[in-house]
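To be precise, the following lines are coords_23.cif, and they hold mmCIF, C-alpha atoms.
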```
data_my_file
#
loop_
_atom_site.group_PDB
_atom_site.id
_atom_site.type_symbol
_atom_site.label_atom_id
_atom_site.label_comp_id
_atom_site.auth_asym_id
_atom_site.auth_seq_id
_atom_site.Cartn_x
_atom_site.Cartn_y
_atom_site.Cartn_z
ATOM 1 C CA MET A 1 36.703 9.986 18.441
ATOM 2 C CA LYS A 2 33.966 9.631 21.085
ATOM 3 C CA LEU A 3 32.027 12.414 19.393
ATOM 4 C CA LEU A 4 32.257 10.652 16.018
ATOM 5 C CA PHE A 5 31.153 7.331 17.529
ATOM 6 C CA GLY A 6 28.242 9.032 19.307
ATOM 7 C CA LEU A 7 27.150 10.761 16.118
ATOM 8 C CA LEU A 8 27.279 7.501 14.145
ATOM 9 C CA ALA A 9 25.259 5.713 16.833
ATOM 10 C CA LEU A 10 22.644 8.481 16.822
ATOM 11 C CA LEU A 11 22.345 8.404 13.028
ATOM 12 C CA THR A 12 22.009 4.621 13.043
ATOM 13 C CA LEU A 13 19.265 4.658 15.670
ATOM 14 C CA SER A 14 17.315 7.467 14.044
ATOM 15 C CA GLY A 15 17.710 6.191 10.471
ATOM 16 C CA CYS A 16 14.877 3.672 10.524
ATOM 17 C CA GLN A 17 11.577 4.997 11.757
ATOM 18 C CA TYR A 18 8.268 3.170 11.454
ATOM 19 C CA ASP A 19 5.675 2.651 8.761
ATOM 20 C CA PRO A 20 3.070 5.336 9.578
ATOM 21 C CA HIS A 21 0.255 3.112 8.277
ATOM 22 C CA ALA A 22 1.268 -0.063 10.187
ATOM 23 C CA ARG A 23 -1.147 0.517 13.067
ATOM 24 C CA THR A 24 -4.047 0.128 10.608
ATOM 25 C CA TYR A 25 -2.933 -3.160 9.019
ATOM 26 C CA THR A 26 -5.037 -6.319 9.128
ATOM 27 C CA THR A 27 -3.150 -9.060 11.009
ATOM 28 C CA GLU A 28 -5.841 -11.755 11.315
ATOM 29 C CA LYS A 29 -6.550 -13.781 8.169
ATOM 30 C CA PRO A 30 -9.879 -12.550 6.775
ATOM 31 C CA SER A 31 -12.438 -14.722 5.013
ATOM 32 C CA VAL A 32 -13.070 -14.309 1.293
ATOM 33 C CA GLY A 33 -16.473 -12.861 2.233
ATOM 34 C CA ASP A 34 -14.714 -10.141 4.250
ATOM 35 C CA ILE A 35 -12.396 -9.375 1.327
ATOM 36 C CA GLU A 36 -14.842 -9.202 -1.574
ATOM 37 C CA GLY A 37 -16.444 -5.871 -2.337
ATOM 38 C CA GLU A 38 -15.893 -2.419 -3.749
ATOM 39 C CA TYR A 39 -13.097 -0.158 -2.545
ATOM 40 C CA GLU A 40 -12.876 3.560 -3.328
ATOM 41 C CA LEU A 41 -9.752 5.719 -3.219
ATOM 42 C CA SER A 42 -9.638 7.525 0.099
ATOM 43 C CA GLN A 43 -6.045 8.791 0.405
ATOM 44 C CA ILE A 44 -2.987 9.123 -1.771
ATOM 45 C CA TYR A 45 0.453 9.889 -0.385
ATOM 46 C CA MET A 46 2.409 10.216 -3.644
ATOM 47 C CA GLU A 47 2.860 13.998 -3.963
ATOM 48 C CA SER A 48 6.652 13.672 -3.895
ATOM 49 C CA TYR A 49 6.430 11.711 -7.166
ATOM 50 C CA ALA A 50 3.456 13.462 -8.750
ATOM 51 C CA ALA A 51 2.860 17.069 -7.759
ATOM 52 C CA GLY A 52 -0.823 17.880 -8.106
ATOM 53 C CA ILE A 53 -1.979 14.240 -8.093
ATOM 54 C CA ARG A 54 -4.845 15.015 -5.686
ATOM 55 C CA GLU A 55 -6.180 17.690 -8.029
ATOM 56 C CA LYS A 56 -5.960 15.286 -10.972
ATOM 57 C CA ILE A 57 -8.000 12.743 -9.021
ATOM 58 C CA GLN A 58 -10.611 15.348 -8.101
ATOM 59 C CA ALA A 59 -10.978 16.255 -11.786
ATOM 60 C CA LEU A 60 -11.905 12.674 -12.744
ATOM 61 C CA PRO A 61 -15.561 12.050 -13.691
ATOM 62 C CA SER A 62 -15.652 9.196 -11.142
ATOM 63 C CA PRO A 63 -13.284 8.266 -8.321
ATOM 64 C CA PRO A 64 -10.743 5.459 -8.638
ATOM 65 C CA THR A 65 -12.286 2.168 -7.496
ATOM 66 C CA VAL A 66 -11.176 -1.429 -7.024
ATOM 67 C CA HIS A 67 -13.588 -4.375 -7.116
ATOM 68 C CA ILE A 68 -12.508 -7.645 -5.526
ATOM 69 C CA TYR A 69 -14.632 -10.635 -6.467
ATOM 70 C CA SER A 70 -14.911 -13.898 -4.515
ATOM 71 C CA ASP A 71 -14.037 -15.901 -7.658
ATOM 72 C CA GLY A 72 -10.469 -14.532 -7.653
ATOM 73 C CA ARG A 73 -10.935 -11.632 -10.079
ATOM 74 C CA LEU A 74 -10.004 -8.020 -9.410
ATOM 75 C CA THR A 75 -10.966 -5.069 -11.578
ATOM 76 C CA ALA A 76 -10.260 -1.392 -11.137
ATOM 77 C CA SER A 77 -11.272 1.807 -12.846
ATOM 78 C CA ASN A 78 -9.260 5.039 -12.890
ATOM 79 C CA PHE A 79 -6.445 3.371 -10.957
ATOM 80 C CA PRO A 80 -3.609 5.908 -10.393
ATOM 81 C CA TYR A 81 -0.807 4.056 -12.164
ATOM 82 C CA PHE A 82 2.816 4.771 -11.296
ATOM 83 C CA SER A 83 5.877 3.337 -13.023
ATOM 84 C CA GLU A 84 9.112 2.625 -11.201
ATOM 85 C CA THR A 85 11.981 4.825 -12.370
ATOM 86 C CA ARG A 86 14.570 3.587 -9.846
ATOM 87 C CA GLN A 87 13.900 0.204 -8.276
ATOM 88 C CA GLY A 88 12.233 0.634 -4.905
ATOM 89 C CA PHE A 89 12.981 4.324 -4.606
ATOM 90 C CA GLU A 90 11.423 6.500 -7.287
ATOM 91 C CA TYR A 91 8.122 6.426 -9.135
ATOM 92 C CA ARG A 92 6.492 8.453 -11.903
ATOM 93 C CA PHE A 93 2.765 8.946 -12.403
ATOM 94 C CA GLU A 94 1.727 7.599 -15.797
ATOM 95 C CA ASP A 95 -2.060 7.880 -16.013
ATOM 96 C CA PHE A 96 -5.338 6.531 -14.655
ATOM 97 C CA ARG A 97 -5.859 2.975 -15.896
ATOM 98 C CA PRO A 98 -8.338 0.153 -15.770
ATOM 99 C CA LEU A 99 -7.011 -3.038 -14.209
ATOM 100 C CA ASP A 100 -8.275 -6.569 -14.796
ATOM 101 C CA THR A 101 -6.370 -9.318 -13.027
ATOM 102 C CA THR A 102 -6.646 -12.222 -10.615
ATOM 103 C CA TRP A 103 -5.832 -12.383 -6.916
ATOM 104 C CA LYS A 104 -4.878 -14.877 -4.224
ATOM 105 C CA GLN A 105 -4.912 -14.303 -0.498
ATOM 106 C CA ALA A 106 -1.406 -13.978 0.985
ATOM 107 C CA VAL A 107 0.773 -12.619 3.748
ATOM 108 C CA VAL A 108 2.302 -9.478 2.223
ATOM 109 C CA GLY A 109 4.558 -8.333 5.037
ATOM 110 C CA GLY A 110 5.232 -8.282 8.747
ATOM 111 C CA ILE A 111 4.569 -5.838 11.559
ATOM 112 C CA SER A 112 6.808 -5.684 14.609
ATOM 113 C CA ASP A 113 5.842 -4.059 17.894
ATOM 114 C CA GLY A 114 9.498 -3.780 18.871
ATOM 115 C CA SER A 115 9.449 -6.779 21.234
ATOM 116 C CA GLY A 116 10.612 -9.240 18.596
ATOM 117 C CA HIS A 117 7.118 -10.593 17.935
ATOM 118 C CA ILE A 118 6.138 -10.127 14.303
ATOM 119 C CA LYS A 119 2.520 -10.223 13.147
ATOM 120 C CA ASP A 120 1.599 -11.078 9.569
ATOM 121 C CA HIS A 121 0.207 -8.307 7.370
ATOM 122 C CA GLN A 122 -2.659 -9.903 5.460
ATOM 123 C CA GLY A 123 -3.290 -8.974 1.847
ATOM 124 C CA ILE A 124 -3.472 -10.313 -1.691
ATOM 125 C CA ARG A 125 -1.089 -11.137 -4.527
ATOM 126 C CA LEU A 126 -2.107 -9.808 -7.929
ATOM 127 C CA SER A 127 -1.143 -11.531 -11.173
ATOM 128 C CA GLY A 128 0.432 -9.744 -14.120
ATOM 129 C CA LEU A 129 1.306 -6.453 -12.406
ATOM 130 C CA PRO A 130 4.769 -5.060 -11.625
ATOM 131 C CA VAL A 131 6.203 -6.238 -8.287
ATOM 132 C CA TYR A 132 5.656 -2.867 -6.622
ATOM 133 C CA LEU A 133 1.893 -3.076 -7.378
ATOM 134 C CA SER A 134 1.369 -6.808 -6.927
ATOM 135 C CA SER A 135 1.034 -7.133 -3.128
ATOM 136 C CA PRO A 136 -1.482 -4.726 -1.614
ATOM 137 C CA GLY A 137 -2.305 -5.257 2.036
ATOM 138 C CA PHE A 138 -5.550 -4.932 3.939
ATOM 139 C CA THR A 139 -6.261 -2.242 6.478
ATOM 140 C CA GLY A 140 -8.579 -2.609 9.451
ATOM 141 C CA THR A 141 -7.617 -4.024 12.822
ATOM 142 C CA LYS A 142 -10.920 -5.841 13.510
ATOM 143 C CA LYS A 143 -12.165 -6.442 9.946
ATOM 144 C CA VAL A 144 -11.107 -5.538 6.414
ATOM 145 C CA GLU A 145 -11.732 -1.812 6.006
ATOM 146 C CA GLY A 146 -9.456 -1.023 3.086
ATOM 147 C CA LEU A 147 -6.639 -1.850 0.720
ATOM 148 C CA ILE A 148 -3.188 -0.230 0.745
ATOM 149 C CA PHE A 149 -0.632 -0.184 -2.058
ATOM 150 C CA GLY A 150 2.679 0.808 -0.453
ATOM 151 C CA PHE A 151 5.608 2.190 -2.457
ATOM 152 C CA GLY A 152 9.337 2.027 -1.691
ATOM 153 C CA ASP A 153 10.570 2.189 1.879
ATOM 154 C CA PRO A 154 7.559 1.661 4.198
ATOM 155 C CA ASP A 155 8.976 4.312 6.554
ATOM 156 C CA SER A 156 8.296 6.925 3.847
ATOM 157 C CA GLY A 157 4.529 6.441 4.067
ATOM 158 C CA ASP A 158 4.197 6.606 0.271
ATOM 159 C CA ALA A 159 0.956 4.780 -0.467
ATOM 160 C CA ILE A 160 -2.354 4.650 -2.276
ATOM 161 C CA ILE A 161 -5.204 3.741 0.093
ATOM 162 C CA PHE A 162 -8.660 2.524 -0.837
ATOM 163 C CA LYS A 163 -11.545 2.322 1.663
ATOM 164 C CA LYS A 164 -14.083 -0.479 1.493
ATOM 165 C CA LYS A 165 -17.575 0.760 0.705
#
```
As a first step, turn the structure in this file into structure tokens.
Amino acid sequence: MKLLFGLLALLTLSGCQYDPHARTYTTEKPSVGDIEGEYELSQIYMESYAAGIREKIQALPSPPTVHIYSDGRLTASNFPYFSETRQGFEYRFEDFRPLDTTWKQAVVGGISDGSGHIKDHQGIRLSGLPVYLSSPGFTGTKKVEGLIFGFGDPDSGDAIIFKKK
């Protein structure tokens, strides 16, 4: 019985890890001037859902980009679009799409250092997109350096990351 209890305790403690991208998240509210600009795809961690996705991106005539405008518009070209096949757990690559939507600044999540203090993850809310694509967060601990679209359980690290140019 002690062995079973010990095993259950070990599994419980090791079950939840940590978002591998959390250390890069923006926690101070940025100004609109810091947000606006062009972002280019820098990393994609979606191979478990789309084998060969990196090669498909490399074959594009131009890299995927996101443009955030100070007037609340967001456009994207060659955005790697995934559909959700099982809510919050599985995704399927569809194609590379243009996006044209609006955005509002928002807190998109929280980051805990383990002491009970939670910092806000700053980002934007996008209109008219599926929930799993509608709340990208900013990266950059001192200033906005990028944009991250996380998928599913944050502990998995599944994400599409754009770097500000």
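The space separating CA of Leu60 in chain A from CA of Ser42 in chain A comes to 14.0 Å.
Comparing the minimum interatomic distances between Gly140 in chain A and each of A:Gly109, A:Gly123, A:Gly114, A:Pro80, counting all atoms listed in the file, we find that A:Gly123 sits nearest.
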Which residues, named as in the file, does the PyMOL selection byres ((chain A and resi 30) around 12) pick out? Answer as a PDB file with C-alpha atoms, keeping the file's coordinate frame.
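The new file selection_29.pdb reads:
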```
ATOM      1  CA  TYR A  25      -2.933  -3.160   9.019  1.00  0.00           C
ATOM      2  CA  THR A  26      -5.037  -6.319   9.128  1.00  0.00           C
ATOM      3  CA  THR A  27      -3.150  -9.060  11.009  1.00  0.00           C
ATOM      4  CA  GLU A  28      -5.841 -11.755  11.315  1.00  0.00           C
ATOM      5  CA  LYS A  29      -6.550 -13.781   8.169  1.00  0.00           C
ATOM      6  CA  SER A  31     -12.438 -14.722   5.013  1.00  0.00           C
ATOM      7  CA  VAL A  32     -13.070 -14.309   1.293  1.00  0.00           C
ATOM      8  CA  GLY A  33     -16.473 -12.861   2.233  1.00  0.00           C
ATOM      9  CA  ASP A  34     -14.714 -10.141   4.250  1.00  0.00           C
ATOM     10  CA  ILE A  35     -12.396  -9.375   1.327  1.00  0.00           C
ATOM     11  CA  GLU A  36     -14.842  -9.202  -1.574  1.00  0.00           C
ATOM     12  CA  GLN A 105      -4.912 -14.303  -0.498  1.00  0.00           C
ATOM     13  CA  ALA A 106      -1.406 -13.978   0.985  1.00  0.00           C
ATOM     14  CA  VAL A 107       0.773 -12.619   3.748  1.00  0.00           C
ATOM     15  CA  ASP A 120       1.599 -11.078   9.569  1.00  0.00           C
ATOM     16  CA  HIS A 121       0.207  -8.307   7.370  1.00  0.00           C
ATOM     17  CA  GLN A 122      -2.659  -9.903   5.460  1.00  0.00           C
ATOM     18  CA  GLY A 123      -3.290  -8.974   1.847  1.00  0.00           C
ATOM     19  CA  ILE A 124      -3.472 -10.313  -1.691  1.00  0.00           C
ATOM     20  CA  GLY A 137      -2.305  -5.257   2.036  1.00  0.00           C
ATOM     21  CA  PHE A 138      -5.550  -4.932   3.939  1.00  0.00           C
ATOM     22  CA  THR A 139      -6.261  -2.242   6.478  1.00  0.00           C
ATOM     23  CA  GLY A 140      -8.579  -2.609   9.451  1.00  0.00           C
ATOM     24  CA  THR A 141      -7.617  -4.024  12.822  1.00  0.00           C
ATOM     25  CA  LYS A 142     -10.920  -5.841  13.510  1.00  0.00           C
ATOM     26  CA  LYS A 143     -12.165  -6.442   9.946  1.00  0.00           C
ATOM     27  CA  VAL A 144     -11.107  -5.538   6.414  1.00  0.00           C
ATOM     28  CA  GLU A 145     -11.732  -1.812   6.006  1.00  0.00           C
TER      29      GLU A 145
END
```
For the structure shown, which residues end up in the PyMOL selection byres ((chain A and resi 73) around 7)? Put them as a list in words, please? Ile68, Tyr69, Asp71, Gly72, Leu74, Thr75, Thr101, Thr102 and Trp103 of chain A
Which of these, A:Ala76, A:Phe89, A:Thr65, A:Gly116, has the shortest distance to Gly150 in chain A once you count all atoms listed in the file? A:Phe89
Please write out, as JSON, where the centre of an axis-aligned box around all listed atoms of range 65-81 of chain A lies and how long its edges are, in Å to one decimal, after adding 8 Å on each side.
```
{"center_x": -7.9, "center_y": -5.0, "center_z": -8.7, "size_x": 30.1, "size_y": 37.8, "size_z": 24.4}
```
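Rounded to one decimal, CA of Phe96 in chain A and CA of Pro63 in chain A lie 10.3 Å from each other.
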Could you state which residues are captured by the PyMOL selection byres ((chain A and resi 44) around 12) in this file, as number ranges by chain? A: 40-43, 45-58, 64, 79-82, 147-151, 157-163
Same residues, C-alpha atoms, saved as a compact mmCIF listing (two decimals), in the frame of the given file:
```txt
# COMPACT_ATOMS: atom_id res chain seq x y z
CA GLU A 40 -12.88 3.56 -3.33
CA LEU A 41 -9.75 5.72 -3.22
CA SER A 42 -9.64 7.52 0.10
CA GLN A 43 -6.04 8.79 0.40
CA TYR A 45 0.45 9.89 -0.38
CA MET A 46 2.41 10.22 -3.64
CA GLU A 47 2.86 14.00 -3.96
CA SER A 48 6.65 13.67 -3.90
CA TYR A 49 6.43 11.71 -7.17
CA ALA A 50 3.46 13.46 -8.75
CA ALA A 51 2.86 17.07 -7.76
CA GLY A 52 -0.82 17.88 -8.11
CA ILE A 53 -1.98 14.24 -8.09
CA ARG A 54 -4.84 15.02 -5.69
CA GLU A 55 -6.18 17.69 -8.03
CA LYS A 56 -5.96 15.29 -10.97
CA ILE A 57 -8.00 12.74 -9.02
CA GLN A 58 -10.61 15.35 -8.10
CA PRO A 64 -10.74 5.46 -8.64
CA PHE A 79 -6.44 3.37 -10.96
CA PRO A 80 -3.61 5.91 -10.39
CA TYR A 81 -0.81 4.06 -12.16
CA PHE A 82 2.82 4.77 -11.30
CA LEU A 147 -6.64 -1.85 0.72
CA ILE A 148 -3.19 -0.23 0.74
CA PHE A 149 -0.63 -0.18 -2.06
CA GLY A 150 2.68 0.81 -0.45
CA PHE A 151 5.61 2.19 -2.46
CA GLY A 157 4.53 6.44 4.07
CA ASP A 158 4.20 6.61 0.27
CA ALA A 159 0.96 4.78 -0.47
CA ILE A 160 -2.35 4.65 -2.28
CA ILE A 161 -5.20 3.74 0.09
CA PHE A 162 -8.66 2.52 -0.84
CA LYS A 163 -11.54 2.32 1.66
```
So how many Å separate CA of Val131 in chain A and CA of Asp113 in chain A, to one decimal? 26.3 Å
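Counting only C-alpha atoms and comparing A:Asp100, A:Tyr132, A:Leu126, A:Thr24, the residue that lies closest to Thr85 in chain A is A:Tyr132.
For the choices A:Ser127, A:Gly152, A:Asp19, A:Ser134, the atom-to-atom distance to Tyr91 in chain A is smallest for A:Gly152 when using only C-alpha atoms.
Using only C-alpha atoms, the nearest neighbour of Asp153 in chain A within the list A:Tyr18, A:Asn78, A:Leu99, A:Ser112 is A:Tyr18.
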